[in-house]
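What follows is the content of run-v1.cif (mmCIF, C-alpha atoms).
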```cif
data_my_file
#
loop_
_atom_site.label_atom_id
_atom_site.label_comp_id
_atom_site.auth_asym_id
_atom_site.auth_seq_id
_atom_site.Cartn_x
_atom_site.Cartn_y
_atom_site.Cartn_z
CA MET A 1 -54.28 31.84 -35.19
CA CYS A 2 -57.14 30.02 -36.90
CA LYS A 3 -60.66 31.44 -36.86
CA TYR A 4 -63.50 29.03 -36.13
CA ASN A 5 -66.93 29.30 -37.74
CA SER A 6 -69.03 28.65 -34.67
CA ILE A 7 -71.29 30.42 -32.20
CA THR A 8 -68.99 29.32 -29.40
CA THR A 9 -66.05 31.22 -30.92
CA PHE A 10 -68.14 34.38 -31.21
CA PHE A 11 -69.05 34.24 -27.52
CA MET A 12 -65.51 33.44 -26.42
CA LYS A 13 -64.00 36.38 -28.34
CA SER A 14 -66.46 39.02 -27.06
CA ASN A 15 -64.92 41.16 -24.31
CA TYR A 16 -68.32 42.32 -23.09
CA ILE A 17 -69.63 38.86 -22.21
CA LYS A 18 -66.35 37.13 -21.45
CA TYR A 19 -67.37 35.55 -18.15
CA TRP A 20 -70.84 34.58 -19.42
CA ALA A 21 -69.08 32.88 -22.31
CA ILE A 22 -67.03 30.82 -19.87
CA ILE A 23 -70.17 29.72 -18.02
CA TYR A 24 -71.83 28.97 -21.36
CA SER A 25 -68.82 26.88 -22.44
CA LEU A 26 -68.85 24.87 -19.21
CA ILE A 27 -72.56 24.13 -19.72
CA LEU A 28 -71.83 22.96 -23.26
CA ILE A 29 -69.06 20.69 -22.00
CA VAL A 30 -71.47 19.04 -19.53
CA PHE A 31 -74.11 18.81 -22.27
CA PHE A 32 -71.80 17.17 -24.79
CA THR A 33 -70.34 14.85 -22.16
CA SER A 34 -73.72 13.66 -20.96
CA GLY A 35 -74.93 13.32 -24.53
CA LEU A 36 -72.03 11.12 -25.53
CA LYS A 37 -72.33 9.00 -22.40
CA VAL A 38 -75.95 8.25 -23.24
CA GLN A 39 -74.76 7.00 -26.64
CA ALA A 40 -72.40 4.50 -25.08
CA GLU A 41 -73.31 1.85 -27.63
CA ASN A 42 -73.46 4.31 -30.53
CA ILE A 43 -70.24 6.04 -31.59
CA PRO A 44 -70.69 9.85 -31.45
CA SER A 45 -70.58 11.77 -34.70
CA TYR A 46 -67.60 13.73 -35.93
CA THR A 47 -69.65 16.96 -35.67
CA ASP A 48 -70.57 16.31 -32.03
CA ILE A 49 -66.99 15.52 -31.03
CA LYS A 50 -65.62 18.52 -32.92
CA GLY A 51 -68.06 20.88 -31.15
CA ALA A 52 -67.25 19.47 -27.71
CA ILE A 53 -63.47 19.65 -28.27
CA GLU A 54 -63.67 23.19 -29.63
CA THR A 55 -65.69 24.40 -26.63
CA ALA A 56 -63.40 22.73 -24.09
CA TYR A 57 -60.18 23.99 -25.70
CA LEU A 58 -61.40 27.57 -26.01
CA THR A 59 -62.51 27.62 -22.37
CA ARG A 60 -59.13 26.41 -21.13
CA SER A 61 -57.26 28.78 -23.45
CA ASP A 62 -59.19 31.73 -22.05
CA PHE A 63 -58.15 30.87 -18.48
CA LEU A 64 -54.53 30.35 -19.55
CA LEU A 65 -54.38 33.94 -20.86
CA ASN A 66 -53.96 35.05 -17.23
CA ALA A 67 -51.86 32.40 -15.57
CA LYS A 68 -48.48 31.40 -14.17
CA GLY A 69 -46.61 28.25 -13.23
CA ILE A 70 -43.38 26.25 -13.28
CA ALA A 71 -42.11 23.78 -15.89
CA ASN A 72 -39.16 21.40 -15.58
CA ILE A 73 -37.97 20.19 -18.97
CA THR A 74 -35.70 17.31 -20.00
CA LEU A 75 -34.59 16.99 -23.63
CA SER A 76 -32.71 14.31 -25.51
CA ARG A 77 -31.33 15.20 -28.95
CA GLU A 78 -29.89 12.55 -31.27
CA GLU A 79 -28.09 13.04 -34.58
CA THR A 80 -29.76 11.41 -37.60
CA SER A 81 -27.52 12.66 -40.40
CA PRO A 82 -23.91 11.39 -40.11
CA GLY A 83 -21.46 14.25 -39.71
CA LYS A 84 -24.21 16.94 -39.71
CA ALA A 85 -23.80 17.73 -36.02
CA LYS A 86 -20.05 18.15 -36.39
CA THR A 87 -20.54 20.54 -39.33
CA ILE A 88 -22.98 22.67 -37.30
CA GLU A 89 -20.61 22.71 -34.31
CA GLU A 90 -17.71 23.87 -36.49
CA ASP A 91 -19.85 26.60 -38.04
CA ILE A 92 -20.97 27.90 -34.63
CA SER A 93 -17.47 27.81 -33.19
CA ASN A 94 -16.12 29.79 -36.17
CA LYS A 95 -18.86 32.44 -36.01
CA LEU A 96 -18.99 32.88 -32.23
CA GLY A 97 -15.41 32.08 -31.35
CA PHE A 98 -16.31 29.21 -29.02
CA SER A 99 -14.06 26.24 -28.52
CA GLN A 100 -15.70 23.30 -30.28
CA ASP A 101 -14.99 21.11 -27.26
CA SER A 102 -16.99 23.44 -24.96
CA PHE A 103 -20.40 22.67 -26.49
CA LYS A 104 -22.30 20.06 -28.50
CA THR A 105 -25.43 20.12 -30.65
CA SER A 106 -26.66 16.70 -29.56
CA GLY A 107 -26.90 14.95 -26.21
CA ASN A 108 -29.05 15.63 -23.13
CA GLY A 109 -30.19 18.86 -21.55
CA ILE A 110 -32.40 20.01 -18.71
CA TRP A 111 -33.75 23.41 -17.75
CA SER A 112 -36.42 24.95 -15.55
CA VAL A 113 -38.93 27.64 -16.48
CA GLU A 114 -40.95 29.99 -14.31
CA TRP A 115 -43.61 31.38 -16.65
CA TYR A 116 -46.24 34.13 -16.64
CA GLN A 117 -48.97 34.90 -19.19
CA LYS A 118 -51.09 38.04 -19.50
CA GLY A 119 -53.05 38.24 -22.74
CA SER A 120 -50.53 38.41 -25.58
CA LYS A 121 -47.64 39.11 -23.18
CA ARG A 122 -45.39 36.27 -22.04
CA ARG A 123 -42.68 36.17 -19.39
CA TYR A 124 -40.45 33.18 -18.74
CA ASP A 125 -37.33 32.89 -16.58
CA ILE A 126 -35.12 29.99 -17.64
CA GLU A 127 -32.18 28.39 -15.87
CA VAL A 128 -29.87 25.74 -17.33
CA PRO A 129 -27.72 24.22 -14.58
CA SER A 130 -24.12 23.22 -15.09
CA SER A 131 -23.33 19.58 -15.83
CA GLU A 132 -21.91 19.23 -12.29
CA GLU A 133 -25.19 20.45 -10.78
CA SER A 134 -27.43 18.34 -12.99
CA SER A 135 -25.32 15.15 -13.16
CA ILE A 136 -26.66 14.33 -16.64
CA GLU A 137 -24.74 12.34 -19.23
CA ARG A 138 -23.61 13.94 -22.50
CA PRO A 139 -24.87 17.48 -21.74
CA PHE A 140 -25.15 19.76 -24.79
CA LEU A 141 -26.57 22.99 -23.27
CA LEU A 142 -24.27 25.62 -21.80
CA PRO A 143 -25.16 26.89 -18.29
CA GLN A 144 -27.37 29.95 -18.57
CA LYS A 145 -29.82 32.04 -16.59
CA LYS A 146 -32.06 34.41 -18.56
CA ASN A 147 -35.32 36.25 -17.97
CA PHE A 148 -37.47 36.91 -21.07
CA ALA A 149 -40.51 39.11 -21.72
CA ILE A 150 -42.26 38.77 -25.10
CA ASP A 151 -45.09 40.65 -26.77
CA PRO A 152 -46.19 40.73 -30.45
CA GLU A 153 -43.95 43.75 -31.17
CA LYS A 154 -40.65 42.86 -29.49
CA SER A 155 -38.81 40.70 -27.00
CA ILE A 156 -36.58 41.80 -24.14
CA TYR A 157 -34.40 39.63 -21.97
CA TYR A 158 -31.81 39.88 -19.25
CA ASP A 159 -28.78 37.60 -19.39
CA ILE A 160 -28.01 37.35 -15.69
CA LEU A 161 -24.72 35.47 -16.05
CA GLY A 162 -23.55 37.68 -18.93
CA GLU A 163 -24.76 40.85 -17.12
CA ASN A 164 -26.27 42.31 -20.31
CA ALA A 165 -29.84 43.07 -21.40
CA TYR A 166 -31.23 42.82 -24.93
CA ILE A 167 -34.09 44.15 -27.06
CA ASN A 168 -34.97 42.05 -30.12
CA LYS A 169 -37.79 41.50 -32.54
CA SER A 170 -40.42 39.02 -31.39
CA PRO A 171 -38.93 35.52 -31.88
CA ARG A 172 -39.89 33.33 -34.81
CA GLU A 173 -42.13 30.37 -34.01
CA MET A 174 -40.56 26.94 -34.51
CA ALA A 175 -42.05 23.47 -34.14
CA ASN A 176 -39.25 21.48 -32.52
CA PRO A 177 -39.16 21.08 -28.70
CA LEU A 178 -35.71 22.69 -28.31
CA SER A 179 -37.23 26.02 -29.43
CA LEU A 180 -38.94 26.18 -26.01
CA LEU A 181 -35.56 27.02 -24.49
CA ASN A 182 -35.59 30.60 -25.83
CA ASN A 183 -39.26 30.91 -26.75
CA PHE A 184 -41.41 29.24 -24.08
CA ASP A 185 -45.16 29.37 -24.62
CA ILE A 186 -47.53 27.46 -22.34
CA SER A 187 -50.14 27.20 -25.12
CA LYS A 188 -47.65 25.30 -27.28
CA LEU A 189 -47.64 22.40 -24.80
CA TYR A 190 -51.35 21.88 -25.48
CA LYS A 191 -50.68 21.53 -29.22
CA PHE A 192 -49.80 18.42 -31.17
CA SER A 193 -47.73 18.82 -34.32
CA ASP A 194 -47.71 22.58 -33.65
CA CYS A 195 -51.49 22.66 -33.94
CA SER A 196 -54.36 22.42 -31.45
CA LEU A 197 -57.21 20.04 -32.25
CA PRO A 198 -59.66 22.89 -33.05
CA GLU A 199 -57.07 24.35 -35.43
CA LEU A 200 -56.67 20.95 -37.11
CA PHE A 201 -60.44 20.61 -37.55
CA TYR A 202 -60.55 24.10 -39.05
CA ARG A 203 -57.84 23.16 -41.57
CA LEU A 204 -59.62 19.95 -42.50
CA ASP A 205 -62.89 21.83 -43.06
CA ASN A 206 -61.10 23.88 -45.71
CA ILE A 207 -59.80 20.83 -47.60
CA ASP A 208 -61.81 19.05 -50.24
CA LYS A 209 -63.81 16.32 -48.51
CA THR A 210 -62.59 13.78 -51.03
CA GLU A 211 -58.97 14.28 -49.94
CA TRP A 212 -59.34 13.12 -46.35
CA GLN A 213 -61.35 10.65 -44.33
CA TYR A 214 -61.86 9.82 -40.66
CA GLN A 215 -62.85 6.93 -38.44
CA ILE A 216 -64.13 7.20 -34.85
CA THR A 217 -63.97 4.26 -32.41
CA GLU A 218 -63.99 3.59 -28.71
CA ASP A 219 -60.70 2.60 -27.11
CA LYS A 220 -58.97 2.23 -23.76
CA ILE A 221 -55.46 3.31 -22.67
CA GLU A 222 -54.60 1.45 -19.49
CA ALA A 223 -57.77 2.01 -17.40
CA THR A 224 -58.91 5.17 -19.16
CA HIS A 225 -61.84 5.04 -21.58
CA CYS A 226 -61.15 7.09 -24.72
CA ILE A 227 -62.57 8.09 -28.04
CA LYS A 228 -60.08 7.38 -30.81
CA ILE A 229 -60.13 9.49 -33.96
CA GLU A 230 -58.11 8.39 -36.98
CA ILE A 231 -57.72 10.89 -39.82
CA VAL A 232 -55.98 10.15 -43.14
CA VAL A 233 -55.08 13.08 -45.40
CA LYS A 234 -54.28 12.45 -49.10
CA LYS A 235 -52.82 9.04 -48.18
CA MET A 236 -49.68 10.89 -47.10
CA ALA A 237 -50.39 11.72 -43.45
CA ARG A 238 -52.20 9.70 -40.80
CA TYR A 239 -53.27 11.16 -37.45
CA ASN A 240 -54.35 9.16 -34.40
CA PHE A 241 -55.95 11.01 -31.46
CA TRP A 242 -57.14 9.60 -28.14
CA ILE A 243 -59.64 11.95 -26.45
CA VAL A 244 -61.08 11.59 -22.92
CA PRO A 245 -64.55 13.15 -22.43
CA GLU A 246 -64.23 12.99 -18.61
CA LEU A 247 -61.14 15.25 -18.87
CA SER A 248 -63.01 17.95 -20.84
CA TYR A 249 -62.09 16.26 -24.12
CA SER A 250 -58.38 16.61 -23.47
CA LEU A 251 -55.87 14.87 -25.72
CA ILE A 252 -53.98 12.16 -23.80
CA LYS A 253 -52.22 10.61 -26.79
CA GLY A 254 -51.46 11.63 -30.35
CA GLN A 255 -49.53 10.17 -33.28
CA LEU A 256 -48.58 11.53 -36.69
CA PHE A 257 -47.33 9.15 -39.38
CA LEU A 258 -45.94 10.45 -42.67
CA THR A 259 -45.56 8.37 -45.82
CA ILE A 260 -42.35 9.23 -47.67
CA GLN A 261 -41.38 7.30 -50.79
CA GLY A 262 -43.92 4.63 -49.95
CA VAL A 263 -42.66 4.10 -46.39
CA GLU A 264 -44.76 5.17 -43.38
CA LYS A 265 -42.76 6.67 -40.54
CA LEU A 266 -43.65 8.00 -37.08
CA ALA A 267 -43.00 11.74 -37.34
CA GLU A 268 -44.39 12.92 -33.98
CA SER A 269 -45.96 11.50 -30.84
CA TYR A 270 -47.66 13.08 -27.79
CA GLU A 271 -48.55 11.59 -24.39
CA ALA A 272 -50.11 13.72 -21.65
CA LYS A 273 -51.48 13.54 -18.11
CA TYR A 274 -53.79 16.10 -16.53
CA GLU A 275 -54.94 17.32 -13.15
CA LYS A 276 -57.95 19.43 -12.26
CA SER A 277 -57.21 23.07 -11.42
CA LYS A 278 -57.78 24.15 -7.84
CA SER A 279 -59.83 27.23 -8.64
CA GLU A 280 -61.87 26.16 -11.70
CA GLU A 281 -63.31 23.02 -13.29
CA ILE A 282 -60.51 23.02 -15.87
CA TRP A 283 -58.14 20.15 -16.63
CA LEU A 284 -54.51 21.27 -16.87
CA LEU A 285 -51.35 19.49 -18.02
CA SER A 286 -49.22 17.91 -15.31
CA ASP A 287 -46.90 15.64 -17.35
CA LEU A 288 -46.05 15.58 -21.03
CA LYS A 289 -43.90 13.44 -23.32
CA VAL A 290 -43.20 14.52 -26.89
CA GLU A 291 -41.21 12.84 -29.66
CA TYR A 292 -40.26 14.95 -32.68
CA ASN A 293 -38.69 13.26 -35.71
CA GLN A 294 -39.31 15.83 -38.44
CA ASP A 295 -35.93 17.56 -38.38
CA ARG A 296 -33.53 16.42 -41.09
CA SER A 297 -30.55 16.40 -38.75
CA PHE A 298 -31.84 15.55 -35.26
CA ASN A 299 -34.55 13.61 -33.45
CA GLU A 300 -35.77 15.15 -30.19
CA LYS A 301 -37.53 13.64 -27.17
CA MET A 302 -38.87 15.93 -24.48
CA GLU A 303 -40.43 15.37 -21.05
CA VAL A 304 -42.12 18.18 -19.13
CA GLN A 305 -43.38 18.28 -15.54
CA LEU A 306 -45.71 21.20 -14.82
CA THR A 307 -46.34 22.35 -11.24
CA ASN A 308 -47.81 25.32 -9.34
CA THR A 309 -50.06 26.23 -12.27
CA GLU A 310 -52.52 29.01 -11.38
CA ILE A 311 -55.14 30.21 -13.87
CA GLY A 312 -57.51 33.19 -14.06
CA ILE A 313 -55.24 35.41 -11.94
CA GLU A 314 -54.04 39.01 -12.26
CA ILE A 315 -50.44 39.51 -13.42
CA PRO A 316 -49.00 43.05 -12.89
CA ASP A 317 -47.87 44.89 -16.05
CA GLU A 318 -44.48 45.54 -14.39
CA THR A 319 -43.78 41.81 -14.68
CA PHE A 320 -42.99 42.30 -18.38
CA THR A 321 -40.57 45.26 -18.05
CA PHE A 322 -36.81 45.52 -17.53
CA GLU A 323 -37.51 46.45 -13.93
CA GLY A 324 -39.71 43.38 -13.54
CA LEU A 325 -37.00 41.20 -15.11
CA GLY A 326 -34.60 42.39 -12.40
CA VAL A 327 -32.26 44.43 -14.64
CA PRO A 328 -30.05 46.65 -12.41
CA LEU A 329 -29.59 50.33 -13.28
CA GLY A 330 -26.50 50.88 -15.39
CA THR A 331 -26.71 47.49 -17.15
CA LYS A 332 -25.65 47.62 -20.79
CA VAL A 333 -28.60 47.10 -23.16
CA LEU A 334 -28.10 45.99 -26.78
CA ASP A 335 -31.07 47.03 -28.93
CA LYS A 336 -31.36 44.75 -31.99
CA SER A 337 -35.00 45.49 -32.73
CA LEU A 338 -34.23 47.65 -35.80
CA GLY A 339 -31.79 45.18 -37.37
CA GLY A 340 -28.19 45.89 -38.37
CA GLN A 341 -25.65 46.87 -35.74
CA PRO A 342 -27.20 46.89 -32.24
CA LEU A 343 -27.74 50.25 -30.56
CA GLU A 344 -26.14 50.29 -27.10
CA TYR A 345 -27.82 51.73 -24.03
CA TYR A 346 -27.19 51.86 -20.33
CA TYR A 347 -30.42 50.93 -18.55
CA GLY A 348 -31.77 54.00 -16.76
CA SER A 349 -29.77 56.35 -19.00
CA PHE A 350 -29.73 57.31 -22.69
CA PRO A 351 -28.23 55.57 -25.73
CA ILE A 352 -24.51 55.64 -26.39
CA GLY A 353 -23.86 57.58 -29.60
CA LYS A 354 -27.50 58.59 -29.96
CA VAL A 355 -29.08 61.15 -27.64
CA ASP A 356 -32.79 61.91 -27.59
CA ASN A 357 -34.28 65.41 -26.95
CA PHE A 358 -34.77 64.80 -23.25
CA ALA A 359 -31.16 63.65 -22.82
CA GLU A 360 -29.91 66.61 -24.92
CA ASN A 361 -31.51 69.07 -22.48
CA ILE A 362 -29.87 67.29 -19.55
CA LEU A 363 -26.46 67.38 -21.26
CA LYS A 364 -26.89 71.09 -22.19
CA GLN A 365 -27.70 72.00 -18.59
CA GLN A 366 -24.69 70.03 -17.35
CA ASN A 367 -22.39 71.70 -19.93
CA ASP A 368 -23.69 75.20 -19.04
CA LYS A 369 -22.96 74.58 -15.37
CA LYS A 370 -19.49 73.29 -16.20
CA GLN A 371 -18.76 76.39 -18.32
CA GLU A 372 -19.93 78.70 -15.52
CA ASN A 373 -17.69 76.91 -13.03
CA VAL A 374 -14.72 77.05 -15.41
CA LEU A 375 -15.29 80.80 -16.04
CA GLU A 376 -15.43 81.59 -12.33
CA GLU A 377 -12.30 79.55 -11.65
CA THR A 378 -10.47 81.26 -14.57
CA VAL A 379 -11.33 84.81 -13.40
CA GLU A 380 -10.31 84.00 -9.86
CA GLU A 381 -7.02 82.48 -10.97
CA GLN A 382 -6.17 85.60 -13.00
CA LEU A 383 -6.54 87.94 -9.99
CA PRO A 384 -3.42 88.71 -7.91
CA VAL A 385 -3.05 86.81 -4.65
CA GLU A 386 -3.75 89.94 -2.56
CA VAL A 387 -7.02 90.51 -4.43
CA GLN A 388 -8.15 86.90 -3.75
CA SER A 389 -7.37 87.22 -0.02
CA ASN A 390 -9.08 90.62 0.23
CA THR A 391 -12.09 89.22 -1.66
CA ASP A 392 -12.40 86.32 0.81
CA SER A 393 -12.17 88.74 3.75
CA ILE A 394 -14.76 91.14 2.32
CA GLU A 395 -17.10 88.20 1.51
CA LYS A 396 -16.97 86.98 5.12
CA ASN A 397 -17.57 90.48 6.52
CA THR A 398 -20.41 91.08 4.08
CA LEU A 399 -22.21 87.82 4.97
CA GLY A 400 -21.78 88.47 8.66
CA ALA A 401 -23.13 92.03 8.32
CA ILE A 402 -26.17 90.92 6.29
CA ASN A 403 -27.04 88.28 8.89
CA SER A 404 -26.83 90.80 11.79
CA ASP A 405 -28.07 94.05 10.16
CA PRO A 406 -29.27 94.29 6.52
CA LYS A 407 -28.50 98.03 6.26
CA LYS A 408 -24.90 97.54 7.37
CA GLY A 409 -24.70 94.64 4.97
CA TYR A 410 -25.54 96.80 1.98
CA LEU A 411 -22.93 99.38 3.11
CA TRP A 412 -20.37 96.57 3.33
CA ILE A 413 -21.31 95.45 -0.21
CA LEU A 414 -20.82 99.00 -1.54
CA PHE A 415 -17.59 99.45 0.39
CA GLY A 416 -16.25 96.09 -0.70
CA THR A 417 -17.10 96.74 -4.35
CA LEU A 418 -15.19 100.06 -4.29
CA ILE A 419 -12.13 98.47 -2.67
CA ILE A 420 -12.07 95.55 -5.13
CA SER A 421 -12.46 97.91 -8.09
CA GLY A 422 -9.60 100.10 -6.79
CA ILE A 423 -7.33 97.12 -6.27
CA VAL A 424 -8.08 95.79 -9.77
CA VAL A 425 -7.40 99.22 -11.37
CA ILE A 426 -4.15 99.68 -9.40
CA SER A 427 -3.03 96.16 -10.32
CA PHE A 428 -3.79 96.86 -13.97
CA PHE A 429 -1.70 100.05 -14.04
CA MET A 430 1.13 98.38 -12.10
CA ARG A 431 1.24 95.56 -14.68
CA LYS A 432 1.11 98.06 -17.54
CA THR A 433 3.97 100.10 -16.01
CA ASN A 434 6.06 96.96 -15.53
CA ILE A 435 5.45 95.92 -19.14
CA SER A 436 6.41 99.41 -20.45
CA THR A 437 9.56 99.40 -18.38
CA LYS A 438 10.55 96.00 -19.70
CA ILE A 439 9.94 97.13 -23.29
CA LYS A 440 12.17 100.24 -22.79
CA GLU A 441 14.90 98.09 -21.28
#
```
structure tokens encoding of this file:
Amino acid sequence: MCKYNSITTFFMKSNYIKYWAIIYSLILIVFFTSGLKVQAENIPSYTDIKGAIETAYLTRSDFLLNAKGIANITLSREETSPGKAKTIEEDISNKLGFSQDSFKTSGNGIWSVEWYQKGSKRRYDIEVPSSEESSIERPFLLPQKKNFAIDPEKSIYYDILGENAYINKSPREMANPLSLLNNFDISKLYKFSDCSLPELFYRLDNIDKTEWQYQITEDKIEATHCIKIEIVVKKMARYNFWIVPELSYSLIKGQLFLTIQGVEKLAESYEAKYEKSKSEEIWLLSDLKVEYNQDRSFNEKMEVQLTNTEIGIEIPDETFTFEGLGVPLGTKVLDKSLGGQPLEYYYGSFPIGKVDNFAENILKQQNDKKQENVLEETVEEQLPVEVQSNTDSIEKNTLGAINSDPKKGYLWILFGTLIISGIVVISFFMRKTNISTKIKE
């Protein structure tokens, strides 16, 4: 995450004055907006626009750190390198044992996401419907239903259809839209070319001023008045941004052109619509279209509809646990967080093949009880039948006597002990006599 050299950033990152910082940011947004409106005939400076954008983005990001919502995503993936898709499909089918006819790496796909954000913790439940349910042409995503919970240290997820749970390292960030399938992040939808506008300004500030230049003009997209910023970096990359002050300096359109071997090509594009949040004066994404042409093998086009977005709310910590993900007790868990062969668990129990100290105590207690039961059964089996029957009779009489009169009970215990001892001694001598007789014979 980039660090910004500004007073606004200092206020936004202070936990002690968090809410005052939000109020301060909103005041700055109004100030910058009114200031730029006054200069209708004069184009605002790069410094003014940069400060307004930075303040607006940081304010919205702070609210999105405690939020939830729903996203419906449609993706189109087209092959650009002849035969590359087929090679990838063959490689996957060989490694995973899938039939090559059962899946494709290009085509169309749709999935829904129910997402939650709490600070650095993310939770997203994805569902990819079957081709029969979605009625899309050339589907390339297999049906799946998974619930993920991610933090900086690890990721856990529950494969509902596969009935297994997993623990992995935190997933690697990738720029292409398809990566949102297994690594959804609401903040990523507010970025263009995997970078927010404040992050881009920060990067430019650290480049030699002679290596890039900008131009700021007024423009209009349909009926919306915009500020257009064009930035050229080293004559190799050209950015176009359309910013709307009335939408808290939100980006409604973006383009990135790359010059390769003297030919300029559209590498990425971004088109967005916003709606004002119900609880705060914050503009939130409602519709998004992204085109990504930077992969060597595929071009991707994505459309996202965002609904039911709620910001500045409390999300329970349990939301990001196996219990919160809906993992039933006894579900097999494959722990891949340490690398190598996964360690297998049963959720709610201890690892298979590796027992911790707590589980060892439980097993020891269970084994001790089993040994006691086996010892009692062995002793009882070795007694003659008449001893077992007499023991049962004495036990019943003893219990009855103790319940009615404790003194008589103790006499019964003493009497019973003497009888049992006599029977055992007699049985021992009878067996010894029988053995001696057999030896003599």
Residues matched by the PyMOL selection byres ((chain A and resi 331) around 7), written as a list of chain:residue names: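 Taken over the shown coordinates, the PyMOL selection byres ((chain A and resi 331) around 7) returns A:Glu163, A:Asn164, A:Ala165, A:Val327, A:Pro328, A:Leu329, A:Gly330, A:Lys332, A:Val333, A:Tyr346, A:Tyr347.
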Any chance you could work out the residue set of the PyMOL selection byres ((chain A and resi 109-122) around 6) here, as a PDB file with C-alpha atoms, keeping the file's coordinate frame?
```
ATOM      1  CA  LEU A  65     -54.380  33.940 -20.860  1.00  0.00           C
ATOM      2  CA  ASN A  66     -53.960  35.050 -17.230  1.00  0.00           C
ATOM      3  CA  ALA A  67     -51.860  32.400 -15.570  1.00  0.00           C
ATOM      4  CA  LYS A  68     -48.480  31.400 -14.170  1.00  0.00           C
ATOM      5  CA  GLY A  69     -46.610  28.250 -13.230  1.00  0.00           C
ATOM      6  CA  ILE A  70     -43.380  26.250 -13.280  1.00  0.00           C
ATOM      7  CA  ALA A  71     -42.110  23.780 -15.890  1.00  0.00           C
ATOM      8  CA  ASN A  72     -39.160  21.400 -15.580  1.00  0.00           C
ATOM      9  CA  ILE A  73     -37.970  20.190 -18.970  1.00  0.00           C
ATOM     10  CA  THR A  74     -35.700  17.310 -20.000  1.00  0.00           C
ATOM     11  CA  LEU A  75     -34.590  16.990 -23.630  1.00  0.00           C
ATOM     12  CA  ASN A 108     -29.050  15.630 -23.130  1.00  0.00           C
ATOM     13  CA  ARG A 123     -42.680  36.170 -19.390  1.00  0.00           C
ATOM     14  CA  TYR A 124     -40.450  33.180 -18.740  1.00  0.00           C
ATOM     15  CA  ASP A 125     -37.330  32.890 -16.580  1.00  0.00           C
ATOM     16  CA  ILE A 126     -35.120  29.990 -17.640  1.00  0.00           C
ATOM     17  CA  GLU A 127     -32.180  28.390 -15.870  1.00  0.00           C
ATOM     18  CA  VAL A 128     -29.870  25.740 -17.330  1.00  0.00           C
ATOM     19  CA  PRO A 139     -24.870  17.480 -21.740  1.00  0.00           C
ATOM     20  CA  LEU A 141     -26.570  22.990 -23.270  1.00  0.00           C
ATOM     21  CA  ALA A 149     -40.510  39.110 -21.720  1.00  0.00           C
ATOM     22  CA  ILE A 150     -42.260  38.770 -25.100  1.00  0.00           C
ATOM     23  CA  ASP A 151     -45.090  40.650 -26.770  1.00  0.00           C
TER      24      ASP A 151
END
```
For the structure provided, state which residues fall under the PyMOL selection byres ((chain A and resi 305) around 7), and present them as JSON, numbers by chain. {"A": [71, 72, 73, 286, 287, 288, 303, 304, 306, 307]}
Go through A:Phe322, A:Tyr190, A:Tyr57, A:Phe140 one by one, measure the shortest atom-to-atom distance of each to Ile282 of chain A using only C-alpha atoms, and give the residue with the smallest value. A:Tyr57
I'd like the neighbourhood of Gly254 of chain A as a PyMOL selection string, where a residue qualifies if any of its atoms comes within 7 Å (using only C-alpha atoms), though same-chain residues fewer than 6 positions away should be ignored. chain A and resi 240-242+269-271
In Å, rounded to a single decimal, give me how far atom CA of Pro316 of chain A is from atom CA of Asp194 of chain A.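 Going from atom CA of Asp194 of chain A over to atom CA of Pro316 of chain A covers 29.2 Å.
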Please check which residues have atoms at most 9 Å from (-46.4, 18.0, -41.8) in the file's coordinates, counting all atoms listed in the file, and write them as a list of chain:residue names. A:Ser193, A:Ala237, A:Leu256, A:Leu258, A:Ala267, A:Gln294
What does the distance from atom CA of Leu197 of chain A to atom CA of Glu173 of chain A come to in Å, to one decimal? 18.4 Å
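Nearest to Leu284 of chain A of all the residues A:Asp185, A:Asp48, A:Glu78, A:Glu310 is A:Glu310, counting only C-alpha atoms.
Here atom CA of Phe201 of chain A is placed at a distance of 14.9 Å from atom CA of Lys228 of chain A.
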Which of these residues is nearest to Tyr158 of chain A, using only C-alpha atoms: A:Thr321, A:Gln341, A:Ser61, A:Thr80? A:Thr321
Ser106 of chain A surroundings by all atoms listed in the file, 12 Å radius, close-in-sequence under 6 positions cut, as a list in words: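 The filter keeps Leu75, Ser76, Arg77, Glu78, Glu79, Thr80, Ser81, Gly83, Lys84, Ala85, Lys86, Ile88, Glu89, Glu137, Arg138, Pro139, Phe140, Leu141, Leu178, Ser297, Phe298, Asn299, Glu300 and Lys301 of chain A.
Among the candidate residues A:Lys336, A:Lys191, A:Arg60, A:Lys253, the one lying nearest to Gly312 of chain A is A:Arg60, with distances computed using only C-alpha atoms.
Minimum atom-to-atom distances from A:Ile186, A:Val244, A:Ile231, A:Leu58 to Asp219 of chain A were compared using only C-alpha atoms, and the lowest value belongs to A:Val244.
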